[in-house]
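Below is one structure, written out as structure tokens; the observations come after it.
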Amino acid sequence: MKIALRICVLVFILVLLEGCWDRTELNDLAIVTAMSFDKAEDNQIITTVQIIVPQNQGGGGMSGAATSGAPHKTTIRSGVGINISDSLSKLQRIIPRKMFWGQCKIFIFSEDVAKAGIKDEFDFLMRHPQPRERAFVFVSKEKAAKTLEMFPPIERSSSEVLRKLTELKIGINVTLEQFSIMLKGDAEAAALPLVYILPKAEYAEPFQTIPYIMGTALFKKDKMVGQISEKTTRGVMWIINKIDDYTVTFEMNGKDDFVSIKPVNAKVKLLPKIRGDKWMMEIQVRATGDIIQNGTDLNPMNPKLLKKMESAFEKDINTRIKLAIQEVQKQKKTDILGFANAFHRKYPKQWEKNKDRWDVLYPQVKVTIDVTASILRPGLINSPGGIPIGEVQQK
Amino acid sequence: MRMAVFSVVTIAILLILWLDWPQIRAKSKRDKVAFITLLLIGWLLSLLDLPNTPGPVLVLKTIFKPFRGWVE
Amino acid sequence: MLDKGKISAVQMSLLLYPTVLATSFLSMPSLAAQYAQNDLWMTGILSSFFGLLTIYVATRLHDLFPKESIIQQSERVIGVLPGKIIGILFFIFYIHVTGMIVRMYTEFVSGQYLFKTPPLLIIFIIVLLSSIAVRGGIETLARCAVIFTPILMFSLLFLLLLFPSFDVRNIFPILSHGIIPVLKASALPQSWVSELFFISFLLPHLTDPKKGRKWGFLTLGAIVLSIIYMNLITLLLLGSDTANKTYPILVVFRYISLAGIFENLESLLLAMWIVGNFIKISLFLYVASISFAQTLRLSDYRPSVFPLGILVIVFSLWDIPNFSKLGEHLRYVAPFEIPLVMVLIPVLILIIARLRGIRTSKR
């Protein structure tokens with residue numbers, strides 16, 4: 001009797017172990033790799049998802065199938081609705097499998113959606129249990145769905161391309177969580193990388209191209225208010241201490257001779273100071289790098305000449321940062337540099353008093369830049385290559 | 001929900017009785033009464049629509065109302 | 001003594017650690033951040049007070065009356081009838097809190113992982129499992145803890161993988177709003193830490209009762225360190241966004257991504273949650289059963305376990321129609337209700353015992 005009971009219990013447990021109600025087979029899942037949001041008429045949202053086609057994963061498109069016979073590794077679907085949840089439920093109607101977001105690492109807002117304000121959509125992304133906080137967020141200049149519609153020659157999907165480009169740290173990279181922190185932070189401003197579509201090569205299949213990142217979109221509260229160019233973005237990256245494995249090319253002596261330094265690693269600190277009524281910020285930069293290209297006729301093995309190069313390097317960094325400050329602080333008046341945070345951390349009392357005035361206060365903060373740059377190594381050769389020894393400046 | 005709760009509890013009680021009654025029978029009156037009372041209370045409570053019935057949460061909330069300001 | 005089992009002091013520690021932390025560790029940073037903002041990492045330090053007090057009182061009472069739990073001790077100290085009233089109050093309280101814990105457990109599992117499974121089933125299964133363990137006696141529970149608690153503790157180390165994403169500046173400004181918000185934030189952890197009073201039910205089973213106090217304090221130390229550790233990591237990662245999350249530790253675990261290998265670790269979190277809560281619910285149910293049996297002077301606590309389990313299920317549903325109500329209860333009532341029973345009453349009993357000049361038990 002007891003044995004029968006135990007067997008019953010065992011069977012009961014075994015049956016339940018796979019999770020009756022919530023069991024999901026892998027074949028029943030549509031693995032979403034990227035999601036984008038566009039505007040439709042009447043303020044509706046078009047949600048587009050990029051789904052992996054599991055059958056075509058293995059090296060499709062490699063064999064000589066020259067025409068459009070090459071199977072695609074991803075496919076996209078769109079749904080229209082009042083908000084994301086609504087459009088997703090309509091989307092599920094045209095996808096035979098249940099959407100699975102565990103692999104969705106890219107979210108793209110179109111510029112239209114960004115300018116109108118992303119707060120509703122963002123709430124969904126943070127509140128719903130499935131979207132991952134570590135996914136990267138972008139703003140796309142063109143229709144966001146187009147960026148998902150591409151079939152890159154090398155990577156598996158355009159979302160993979162974006163992810164890898166982001167990890168190379170060419171522009172700023174912002175995860176969902178970081179975006180949330182920025183919006184909830186003291187400055188109530190945020191920055192997201194901008195995505196463009198690379199014009200495809202002549203010989204390529206239709207849609208065989210990649211999206212790429214250039215420039216940054218600026219947000220105040222939840223609306224996009226402007227954008228900054230690639231050059232300014234670089235300057236901003238210096239200020240927010242995101243310079244890592246970078247190439248800097250600068251001019252020496254105004255002679256049209258350029259020196260390139262890579263990898264540039266920099267430590268940047270923001271040092272706020274409040275003197276009475278004056279709010280000041282010192283940007284302290286300590287940068288290092290090795291020479292990879294020397295277009296001058298100076299021999300960097302000579303410490304004195306090296307010093308000249310270092311000063312030019314410093315000047316260049318200084319100029320970049322100044323440019324970024326000019327545009328982001330004075331013109332665009334959006335604090336994506338972390339100034340608000342820096343002041344709050346060091347001067348909490350003054351911050352509490354003035355935080356409502358930050359919009360007015362921020363452009364008035366006086367910025368000083370203190371750069372120290374060191375060039376560590378000259379690379380594999382010492383004198384500039386390609387010039388006869390006689391013409392090299394040794395002193 | 002109500003039916004589900006009630007039926008689950010009823011089945012559970014029946015199973016418990018089936019399992020434990022032999023032991024209980026051999027014990028003192030006091031043990032028997034305690035056992036039966038517990039089962040009875042549980043069974044009767046499961047008849048109510050539990051999630052929406054005011055109960056301990058409300059009682060405790062009222063008792064500790066004056067302290068609420070401390071953790072507001 | 002109703003349960004003749006014997007456990008070692010280390011096993012006692014391993015039983016108590018998840019009892020305090022299993023449910024709280026998941027939402028704690030968010031609750032603390034809502035009061036203390038970026039000072040939330042300090043709440044760990046401040047919440048040790050009730051723990052120290054409750055362990056001291058429990059061990060002192062045990063010195064006076066060895067091999068007895070608080071239920072029996074209170075009868076000795078304040079008389080049979082008042083003692084019985086205390087006993088009844090205690091076991092009803094324990095059942096009620098166990099119901100709350102089961103509900104918290106179910107809300108997380110159901111809301112984040114098993115969306116379609118009926119929550120009643122989740123409740124039923126964990127209560128069934130715990131009841132079976134409790135009927136096995138304290139030694140069974142202790143052995144489960146020996147296996148499960150190290151899993152819980154070791155998994156917390158994974159949070160260190162987030163090291164590259166930390167922003168140390170999130171700690172500043174320190175104490176910009178003074179110490180009061182930090183005190184308010186530590187109200188809830190204080191109440192969880194006072195659950196260490198369960199040591200009163202474990203001391204009678206120790207092979208070496210003298211080690212009880214030392215290991216009790218060691219457990220408290222480990223708990224406080226864990227609280228500081230988790231609060232700090234959450235702060236360093238999420239910064240000002242911490243207060244907005246329902247389950248900050250879930251977000252933190254989801255964020256772990258190292259070399260493309262250590263990803264999607266929230267499944268580990270679920271394992272930790274289930275395992276930790278199993279021990280917690282089992283110990284709570286055990287204490288409730290023992291209290292019930294001791295108050296009514298029953299000959300064995302085992303038959304009452306399943307019926308009490310049914311009551312636990314009832315309490316986990318009663319008067320809690322949704323998550324918000326549960327949250328409200330946990331934030332505004334629990335910080336007072338739990339220390340009242342776990343700290344205040346034992347302290348009073350100890351004081352009365354001393355006042356009546358009771359030196360040692362008459363056996």
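Identifiers in this document derive from the order of the structure tokens: chains are assigned A, B, ..., residues are numbered from 1 separately in each chain, and ligands are numbered from 1 in order of occurrence.
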
I need the contact residues of chain A against chain C, so if you could list those with any atom within 10 Å, counting only C-alpha atoms, and return them as a compact mmCIF listing (two decimals) with N, CA and C atoms, in the first residue's frame, that would help.
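File iface-v5.txt, as written:
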```txt
# COMPACT_ATOMS: atom_id res chain seq x y z
N ILE A 13 4.99 13.91 -9.36
CA ILE A 13 6.10 14.87 -9.40
C ILE A 13 6.74 14.90 -10.79
N GLY A 19 6.96 21.35 -15.96
CA GLY A 19 6.22 22.62 -15.89
C GLY A 19 5.06 22.61 -16.85
N CYS A 20 3.98 21.96 -16.45
CA CYS A 20 2.84 21.78 -17.36
C CYS A 20 2.46 23.03 -18.11
N TRP A 21 2.10 24.05 -17.34
CA TRP A 21 1.51 25.21 -17.99
C TRP A 21 2.55 26.05 -18.70
N ASP A 22 3.75 26.07 -18.17
CA ASP A 22 4.73 26.98 -18.72
C ASP A 22 5.79 26.29 -19.54
N ARG A 23 5.49 25.07 -19.97
CA ARG A 23 6.55 24.42 -20.73
C ARG A 23 6.61 25.04 -22.11
N GLY A 102 14.98 36.62 -24.81
CA GLY A 102 16.21 36.44 -24.05
C GLY A 102 17.45 36.82 -24.83
N GLN A 103 17.34 36.79 -26.19
CA GLN A 103 18.50 37.11 -26.98
C GLN A 103 18.40 38.48 -27.63
N MET A 126 11.13 48.64 -19.50
CA MET A 126 11.66 48.43 -18.16
C MET A 126 10.71 47.58 -17.31
N ARG A 127 9.42 47.71 -17.59
CA ARG A 127 8.46 47.06 -16.68
C ARG A 127 8.25 45.59 -17.03
N HIS A 128 8.16 45.29 -18.31
CA HIS A 128 7.89 43.92 -18.75
C HIS A 128 9.05 43.02 -18.35
N PRO A 129 8.74 41.83 -17.84
CA PRO A 129 9.84 41.02 -17.33
C PRO A 129 10.84 40.57 -18.38
N GLN A 130 10.44 40.49 -19.65
CA GLN A 130 11.36 39.87 -20.60
C GLN A 130 12.48 40.71 -21.20
N ARG A 132 15.74 42.59 -21.82
CA ARG A 132 16.90 42.53 -20.96
C ARG A 132 17.51 43.91 -20.77
N GLU A 133 17.88 44.20 -19.54
CA GLU A 133 18.37 45.54 -19.23
C GLU A 133 19.73 45.80 -19.84
N ARG A 134 20.39 44.72 -20.26
CA ARG A 134 21.72 44.91 -20.79
C ARG A 134 21.71 45.15 -22.28
N ALA A 135 20.53 45.19 -22.87
CA ALA A 135 20.46 45.41 -24.32
C ALA A 135 20.85 46.84 -24.63
N THR A 175 23.31 51.01 -22.54
CA THR A 175 22.38 49.91 -22.35
C THR A 175 21.06 50.47 -21.84
N GLU A 177 19.53 49.84 -19.16
CA GLU A 177 19.62 50.25 -17.76
C GLU A 177 20.33 51.59 -17.64
N GLN A 178 21.39 51.78 -18.39
CA GLN A 178 22.12 53.04 -18.31
C GLN A 178 21.25 54.19 -18.79
N SER A 180 18.06 54.30 -18.50
CA SER A 180 17.13 54.56 -17.41
C SER A 180 17.78 55.38 -16.31
N ILE A 181 19.04 55.03 -16.00
CA ILE A 181 19.74 55.77 -14.95
C ILE A 181 19.93 57.21 -15.37
N MET A 182 20.28 57.43 -16.65
CA MET A 182 20.48 58.80 -17.12
C MET A 182 19.20 59.60 -17.01
N LEU A 183 18.09 58.98 -17.42
CA LEU A 183 16.83 59.73 -17.40
C LEU A 183 16.38 60.02 -15.98
N LYS A 184 16.72 59.11 -15.05
CA LYS A 184 16.32 59.33 -13.67
C LYS A 184 17.36 60.13 -12.90
N GLY A 185 18.47 60.42 -13.55
CA GLY A 185 19.57 61.07 -12.85
C GLY A 185 19.33 62.55 -12.65
N ASP A 186 20.33 63.20 -12.11
CA ASP A 186 20.18 64.59 -11.75
C ASP A 186 19.99 65.49 -12.96
N ASN A 341 25.63 65.31 -11.99
CA ASN A 341 26.01 64.27 -11.04
C ASN A 341 27.22 64.67 -10.24
N ALA A 342 28.21 65.24 -10.94
CA ALA A 342 29.46 65.59 -10.26
C ALA A 342 29.20 66.63 -9.18
N PHE A 343 28.39 67.65 -9.52
CA PHE A 343 28.10 68.68 -8.52
C PHE A 343 27.31 68.11 -7.35
N HIS A 344 26.35 67.27 -7.67
CA HIS A 344 25.54 66.70 -6.59
C HIS A 344 26.40 65.91 -5.63
N ARG A 345 27.38 65.16 -6.19
CA ARG A 345 28.17 64.31 -5.31
C ARG A 345 29.07 65.13 -4.41
N LYS A 346 29.60 66.22 -4.95
CA LYS A 346 30.57 66.94 -4.13
C LYS A 346 29.91 68.01 -3.27
N TYR A 347 28.88 68.63 -3.79
CA TYR A 347 28.25 69.73 -3.06
C TYR A 347 26.76 69.47 -2.89
N PRO A 348 26.38 68.49 -2.09
CA PRO A 348 24.97 68.12 -2.04
C PRO A 348 24.06 69.26 -1.61
N LYS A 349 24.53 70.07 -0.67
CA LYS A 349 23.63 71.12 -0.18
C LYS A 349 23.35 72.16 -1.26
N GLU A 352 21.02 70.73 -3.85
CA GLU A 352 19.60 70.69 -3.48
C GLU A 352 18.96 72.06 -3.71
```

Handout entry: All helix (DSSP H, G or I) positions in region 43-78 of chain C, as JSON, numbers by chain
Key = {"C": [43, 44, 45, 46, 48, 49, 50, 51, 52, 53, 54, 55, 56, 57, 58, 59, 60, 61, 62, 63, 64, 70, 71, 72, 73, 74, 75, 76, 77, 78]}

Practice task
Compute the chain B side of the contact with chain C at 6 Å, counting only C-alpha atoms, and hand it back as JSON, numbers by chain.
Solution key: {"B": [31, 38, 39, 42, 50, 51, 52, 53, 54, 55, 68, 71]}

Generate a file of the selected residues that holds N, CA, C and O atoms, formatted as a CSV table (one decimal), in the first residue's frame.
```csv
chain,number,residue,atom,x,y,z
B,31,ASP,N,-4.8,15.0,21.9
B,31,ASP,CA,-4.2,15.1,20.6
B,31,ASP,C,-5.2,15.0,19.5
B,31,ASP,O,-5.1,15.7,18.5
B,38,LEU,N,-7.7,21.7,14.2
B,38,LEU,CA,-6.9,22.4,13.2
B,38,LEU,C,-7.5,22.1,11.8
B,38,LEU,O,-7.6,23.1,11.0
B,39,LEU,N,-7.8,20.9,11.5
B,39,LEU,CA,-8.3,20.6,10.2
B,39,LEU,C,-9.6,21.3,10.0
B,39,LEU,O,-9.9,21.8,8.9
B,42,GLY,N,-9.1,25.0,9.3
B,42,GLY,CA,-8.6,25.2,7.9
B,42,GLY,C,-9.7,25.0,6.9
B,42,GLY,O,-9.8,25.8,5.9
B,50,LEU,N,-11.1,33.7,-0.2
B,50,LEU,CA,-10.0,34.2,0.7
B,50,LEU,C,-9.3,35.5,0.2
B,50,LEU,O,-9.1,36.4,1.0
B,51,PRO,N,-8.9,35.6,-1.0
B,51,PRO,CA,-8.1,36.8,-1.3
B,51,PRO,C,-8.9,38.1,-1.0
B,51,PRO,O,-8.3,39.1,-0.7
B,52,ASN,N,-10.2,38.1,-1.1
B,52,ASN,CA,-10.9,39.3,-1.0
B,52,ASN,C,-11.6,39.5,0.4
B,52,ASN,O,-12.3,40.4,0.6
B,53,THR,N,-11.4,38.5,1.2
B,53,THR,CA,-12.0,38.6,2.6
B,53,THR,C,-11.1,39.4,3.5
B,53,THR,O,-9.9,39.1,3.6
B,54,PRO,N,-11.6,40.4,4.2
B,54,PRO,CA,-10.8,41.1,5.1
B,54,PRO,C,-10.3,40.1,6.2
B,54,PRO,O,-11.1,39.3,6.6
B,55,GLY,N,-9.1,40.3,6.6
B,55,GLY,CA,-8.6,39.3,7.5
B,55,GLY,C,-7.4,39.9,8.3
B,55,GLY,O,-7.4,41.1,8.6
B,68,ARG,N,2.6,54.1,11.6
B,68,ARG,CA,2.8,54.2,10.1
B,68,ARG,C,3.7,55.4,9.8
B,68,ARG,O,4.5,55.4,8.9
B,71,VAL,N,7.5,55.1,9.3
B,71,VAL,CA,8.1,54.6,8.1
B,71,VAL,C,7.6,55.1,6.9
B,71,VAL,O,7.7,54.5,5.8
```

How close does chain B get to chain A? List, as CSV, each residue of chain B within 12 Å, its nearest atom pair and the distance in Å to one decimal, counting only C-alpha atoms.
```
residue,atom,partner,partner_atom,distance
B:Leu15,CA,A:Leu5,CA,11.0
B:Trp18,CA,A:Leu5,CA,11.6
B:Leu19,CA,A:Lys2,CA,10.0
```

Could you write out the selected residues, including N, CA and C atoms, as a PDB file, in the first residue's frame?
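Okay, this is what ended up in part34.pdb:
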```
ATOM      1  N   LEU B  15      -6.672  13.421   2.427  1.00  0.00           N
ATOM      2  CA  LEU B  15      -5.411  12.687   2.381  1.00  0.00           C
ATOM      3  C   LEU B  15      -4.747  12.652   3.756  1.00  0.00           C
ATOM      4  N   TRP B  18      -6.462  10.253   5.988  1.00  0.00           N
ATOM      5  CA  TRP B  18      -6.164   8.883   5.591  1.00  0.00           C
ATOM      6  C   TRP B  18      -4.782   8.468   6.075  1.00  0.00           C
ATOM      7  N   LEU B  19      -3.847   9.388   5.983  1.00  0.00           N
ATOM      8  CA  LEU B  19      -2.480   9.082   6.357  1.00  0.00           C
ATOM      9  C   LEU B  19      -2.304   8.977   7.876  1.00  0.00           C
TER      10      LEU B  19
END
```

Problem - Contacts of Asp256 (chain A) at 10 Å (only C-alpha atoms; same-chain gap of 5+ positions) as a ChimeraX atom specification - result: /A:250-251,295-296

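Minimum atom-to-atom distances from A:Ser78, A:Ser374, A:Ser311, A:Gln50 to Gly289 (chain A) were compared using only C-alpha atoms, and the lowest value belongs to A:Ser374.
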
Practice task
With a distance cut-off of 10 Å and only C-alpha atoms, select the neighbouring residues of Ala40 (chain A), excluding the residue or stretch itself and same-chain residues fewer than 4 positions from it, and output the selection as a ChimeraX atom specification.
Solution key: /A:44-47,80-82,112-113

Save out the residues we just selected, C-alpha atoms, as a compact mmCIF listing (two decimals), in the first residue's frame.
```
# COMPACT_ATOMS: atom_id res chain seq x y z
CA GLN A 44 0.47 54.74 -33.49
CA ILE A 45 3.59 52.71 -33.05
CA ILE A 46 4.99 50.24 -35.52
CA THR A 47 6.94 47.61 -33.71
CA VAL A 80 0.94 48.38 -35.54
CA GLY A 81 -0.78 49.41 -32.35
CA ILE A 82 -1.57 52.20 -29.95
CA ASP A 112 10.31 60.48 -35.11
CA VAL A 113 9.47 58.41 -32.10
```

Handout entry: All residues 6 Å or closer to Ser30 (chain C), only C-alpha atoms, same chain fewer than 2 positions away omitted, as a PyMOL selection string
Key = chain C and resi 27-28+32-33+242-243

For the selection you just gave me, I'd like the residues written to a file as a PDB file, in the first residue's frame, keeping N, CA and C atoms.
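Generated file (part30.pdb):
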```pdb
ATOM      1  N   SER C  27      14.247  42.080  -2.802  1.00  0.00           N
ATOM      2  CA  SER C  27      13.758  43.450  -2.997  1.00  0.00           C
ATOM      3  C   SER C  27      14.439  44.456  -2.110  1.00  0.00           C
ATOM      4  N   MET C  28      15.270  43.965  -1.200  1.00  0.00           N
ATOM      5  CA  MET C  28      15.794  44.842  -0.161  1.00  0.00           C
ATOM      6  C   MET C  28      16.443  46.128  -0.655  1.00  0.00           C
ATOM      7  N   ALA C  32      15.230  49.862   0.598  1.00  0.00           N
ATOM      8  CA  ALA C  32      16.143  50.747   1.323  1.00  0.00           C
ATOM      9  C   ALA C  32      16.376  52.031   0.541  1.00  0.00           C
ATOM     10  N   ALA C  33      16.466  51.906  -0.785  1.00  0.00           N
ATOM     11  CA  ALA C  33      16.762  53.087  -1.587  1.00  0.00           C
ATOM     12  C   ALA C  33      15.627  54.082  -1.555  1.00  0.00           C
ATOM     13  N   THR C 242      17.780  52.467  -8.510  1.00  0.00           N
ATOM     14  CA  THR C 242      17.523  51.329  -7.624  1.00  0.00           C
ATOM     15  C   THR C 242      16.126  51.374  -7.041  1.00  0.00           C
ATOM     16  N   ALA C 243      15.696  52.557  -6.642  1.00  0.00           N
ATOM     17  CA  ALA C 243      14.430  52.643  -5.929  1.00  0.00           C
ATOM     18  C   ALA C 243      13.251  52.312  -6.822  1.00  0.00           C
TER      19      ALA C 243
END
```

Handout entry: Non-local contacts of Pro363 (chain A) (9 Å; only C-alpha atoms; under 5 positions in same chain excluded) as a PyMOL selection string
Key = chain A and resi 328-335+358

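The gap separating CA of Leu270 (chain A) from CA of Leu306 (chain A) is 27.7 Å, in Å to one decimal.
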
Practice task
Could you please determine the separation between CA of Gly171 (chain A) and CA of Ile108 (chain A) in Å, to one decimal place?
Solution key: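 Going from CA of Gly171 (chain A) over to CA of Ile108 (chain A) covers 15.3 Å.
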
Exercise for the section: For Ala191 (chain A), list every protein, DNA or RNA residue within 9 Å, evaluated using only C-alpha atoms, and leave out those in the same chain fewer than 2 positions away; present the list as a ChimeraX atom specification. Expected result: /A:172,174,179,182,189,193,216-220,224,227,336

Taking all heavy atoms for each residue, export the selection above as an mmCIF file, in the first residue's frame.
```
data_model
loop_
_atom_site.group_PDB
_atom_site.id
_atom_site.type_symbol
_atom_site.label_atom_id
_atom_site.label_comp_id
_atom_site.auth_asym_id
_atom_site.auth_seq_id
_atom_site.Cartn_x
_atom_site.Cartn_y
_atom_site.Cartn_z
ATOM 1 N N ILE A 172 29.359 56.273 -28.221
ATOM 2 C CA ILE A 172 29.001 55.915 -26.863
ATOM 3 C C ILE A 172 28.091 54.700 -26.929
ATOM 4 O O ILE A 172 27.349 54.537 -27.895
ATOM 5 C CB ILE A 172 28.287 57.070 -26.133
ATOM 6 C CG1 ILE A 172 27.035 57.478 -26.869
ATOM 7 C CG2 ILE A 172 29.194 58.244 -25.993
ATOM 8 C CD1 ILE A 172 26.256 58.496 -26.115
ATOM 9 N N VAL A 174 25.125 52.655 -24.911
ATOM 10 C CA VAL A 174 24.187 52.858 -23.821
ATOM 11 C C VAL A 174 23.288 51.634 -23.710
ATOM 12 O O VAL A 174 22.614 51.267 -24.658
ATOM 13 C CB VAL A 174 23.305 54.100 -24.094
ATOM 14 C CG1 VAL A 174 22.389 54.354 -22.922
ATOM 15 C CG2 VAL A 174 24.187 55.299 -24.346
ATOM 16 N N PHE A 179 20.452 53.928 -19.804
ATOM 17 C CA PHE A 179 19.537 54.944 -20.294
ATOM 18 C C PHE A 179 18.553 55.318 -19.194
ATOM 19 O O PHE A 179 18.276 56.492 -18.943
ATOM 20 C CB PHE A 179 18.798 54.396 -21.515
ATOM 21 C CG PHE A 179 18.033 55.417 -22.292
ATOM 22 C CD1 PHE A 179 18.526 56.692 -22.473
ATOM 23 C CD2 PHE A 179 16.820 55.094 -22.871
ATOM 24 C CE1 PHE A 179 17.824 57.638 -23.206
ATOM 25 C CE2 PHE A 179 16.112 56.027 -23.612
ATOM 26 C CZ PHE A 179 16.614 57.301 -23.776
ATOM 27 N N MET A 182 20.278 57.428 -16.653
ATOM 28 C CA MET A 182 20.477 58.797 -17.121
ATOM 29 C C MET A 182 19.195 59.604 -17.010
ATOM 30 O O MET A 182 19.189 60.740 -16.563
ATOM 31 C CB MET A 182 20.920 58.782 -18.590
ATOM 32 C CG MET A 182 22.380 58.462 -18.785
ATOM 33 S SD MET A 182 22.953 58.935 -20.425
ATOM 34 C CE MET A 182 22.646 57.447 -21.330
ATOM 35 N N ALA A 189 18.912 64.249 -18.519
ATOM 36 C CA ALA A 189 19.249 64.307 -19.936
ATOM 37 C C ALA A 189 19.951 63.019 -20.280
ATOM 38 O O ALA A 189 20.521 62.351 -19.416
ATOM 39 C CB ALA A 189 20.174 65.489 -20.205
ATOM 40 N N PRO A 193 23.386 56.607 -29.126
ATOM 41 C CA PRO A 193 24.077 56.616 -30.410
ATOM 42 C C PRO A 193 23.102 56.631 -31.583
ATOM 43 O O PRO A 193 22.005 56.090 -31.492
ATOM 44 C CB PRO A 193 24.895 55.316 -30.388
ATOM 45 C CG PRO A 193 24.352 54.502 -29.303
ATOM 46 C CD PRO A 193 23.646 55.380 -28.354
ATOM 47 N N THR A 216 25.614 61.191 -32.087
ATOM 48 C CA THR A 216 24.832 60.894 -30.895
ATOM 49 C C THR A 216 23.571 61.738 -30.886
ATOM 50 O O THR A 216 23.586 62.902 -31.284
ATOM 51 C CB THR A 216 25.659 61.248 -29.646
ATOM 52 O OG1 THR A 216 26.914 60.636 -29.756
ATOM 53 C CG2 THR A 216 24.975 60.786 -28.389
ATOM 54 N N ALA A 217 22.502 61.140 -30.397
ATOM 55 C CA ALA A 217 21.254 61.888 -30.243
ATOM 56 C C ALA A 217 21.175 62.398 -28.823
ATOM 57 O O ALA A 217 21.531 61.693 -27.887
ATOM 58 C CB ALA A 217 20.069 60.974 -30.529
ATOM 59 N N LEU A 218 20.702 63.620 -28.653
ATOM 60 C CA LEU A 218 20.600 64.199 -27.319
ATOM 61 C C LEU A 218 19.154 64.198 -26.867
ATOM 62 O O LEU A 218 18.263 64.543 -27.620
ATOM 63 C CB LEU A 218 21.097 65.650 -27.328
ATOM 64 C CG LEU A 218 22.528 65.867 -27.794
ATOM 65 C CD1 LEU A 218 22.835 67.340 -27.829
ATOM 66 C CD2 LEU A 218 23.486 65.161 -26.875
ATOM 67 N N PHE A 219 18.969 63.821 -25.609
ATOM 68 C CA PHE A 219 17.617 63.770 -25.061
ATOM 69 C C PHE A 219 17.500 64.685 -23.865
ATOM 70 O O PHE A 219 18.398 64.742 -23.024
ATOM 71 C CB PHE A 219 17.289 62.356 -24.565
ATOM 72 C CG PHE A 219 16.932 61.406 -25.657
ATOM 73 C CD1 PHE A 219 17.896 60.877 -26.473
ATOM 74 C CD2 PHE A 219 15.614 61.030 -25.847
ATOM 75 C CE1 PHE A 219 17.571 59.997 -27.482
ATOM 76 C CE2 PHE A 219 15.273 60.140 -26.842
ATOM 77 C CZ PHE A 219 16.255 59.624 -27.668
ATOM 78 N N LYS A 220 16.387 65.394 -23.790
ATOM 79 C CA LYS A 220 16.072 66.122 -22.560
ATOM 80 C C LYS A 220 14.768 65.525 -22.064
ATOM 81 O O LYS A 220 13.799 65.496 -22.799
ATOM 82 C CB LYS A 220 15.870 67.601 -22.869
ATOM 83 C CG LYS A 220 17.016 68.459 -22.495
ATOM 84 C CD LYS A 220 16.551 69.835 -22.048
ATOM 85 C CE LYS A 220 17.750 70.644 -21.615
ATOM 86 N NZ LYS A 220 18.017 71.811 -22.431
ATOM 87 N N MET A 224 13.833 63.633 -27.799
ATOM 88 C CA MET A 224 15.095 63.926 -28.469
ATOM 89 C C MET A 224 15.095 65.387 -28.873
ATOM 90 O O MET A 224 14.155 65.856 -29.509
ATOM 91 C CB MET A 224 15.226 63.035 -29.690
ATOM 92 C CG MET A 224 16.443 63.344 -30.522
ATOM 93 S SD MET A 224 16.608 62.092 -31.786
ATOM 94 C CE MET A 224 17.731 62.921 -32.900
ATOM 95 N N GLN A 227 21.035 66.575 -32.146
ATOM 96 C CA GLN A 227 22.081 65.570 -32.287
ATOM 97 C C GLN A 227 23.431 66.266 -32.424
ATOM 98 O O GLN A 227 23.515 67.442 -32.747
ATOM 99 C CB GLN A 227 21.819 64.691 -33.494
ATOM 100 C CG GLN A 227 21.950 65.442 -34.798
ATOM 101 C CD GLN A 227 21.588 64.557 -35.963
ATOM 102 O OE1 GLN A 227 20.439 64.271 -36.212
ATOM 103 N NE2 GLN A 227 22.614 64.127 -36.666
ATOM 104 N N ILE A 336 24.829 65.981 -20.939
ATOM 105 C CA ILE A 336 25.065 64.539 -21.025
ATOM 106 C C ILE A 336 26.467 64.217 -20.550
ATOM 107 O O ILE A 336 26.972 63.121 -20.731
ATOM 108 C CB ILE A 336 24.908 64.045 -22.486
ATOM 109 C CG1 ILE A 336 25.803 64.880 -23.402
ATOM 110 C CG2 ILE A 336 23.478 64.128 -22.917
ATOM 111 C CD1 ILE A 336 25.904 64.303 -24.778
#
```

Exercise for the section: Compare C:Ala271, C:Ile123, C:Leu53, C:Leu14 by their minimum atom-to-atom distance to Val9 (chain B), counting only C-alpha atoms, and give me the closest one. Expected result: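 Selected residue with least distance to Val9 (chain B): C:Ile123.
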
Problem - Option closest in space to Ser165 (chain C), from C:Leu235, C:Gly137, C:Thr219, C:Gln11 [counting only C-alpha atoms] - result: C:Leu235
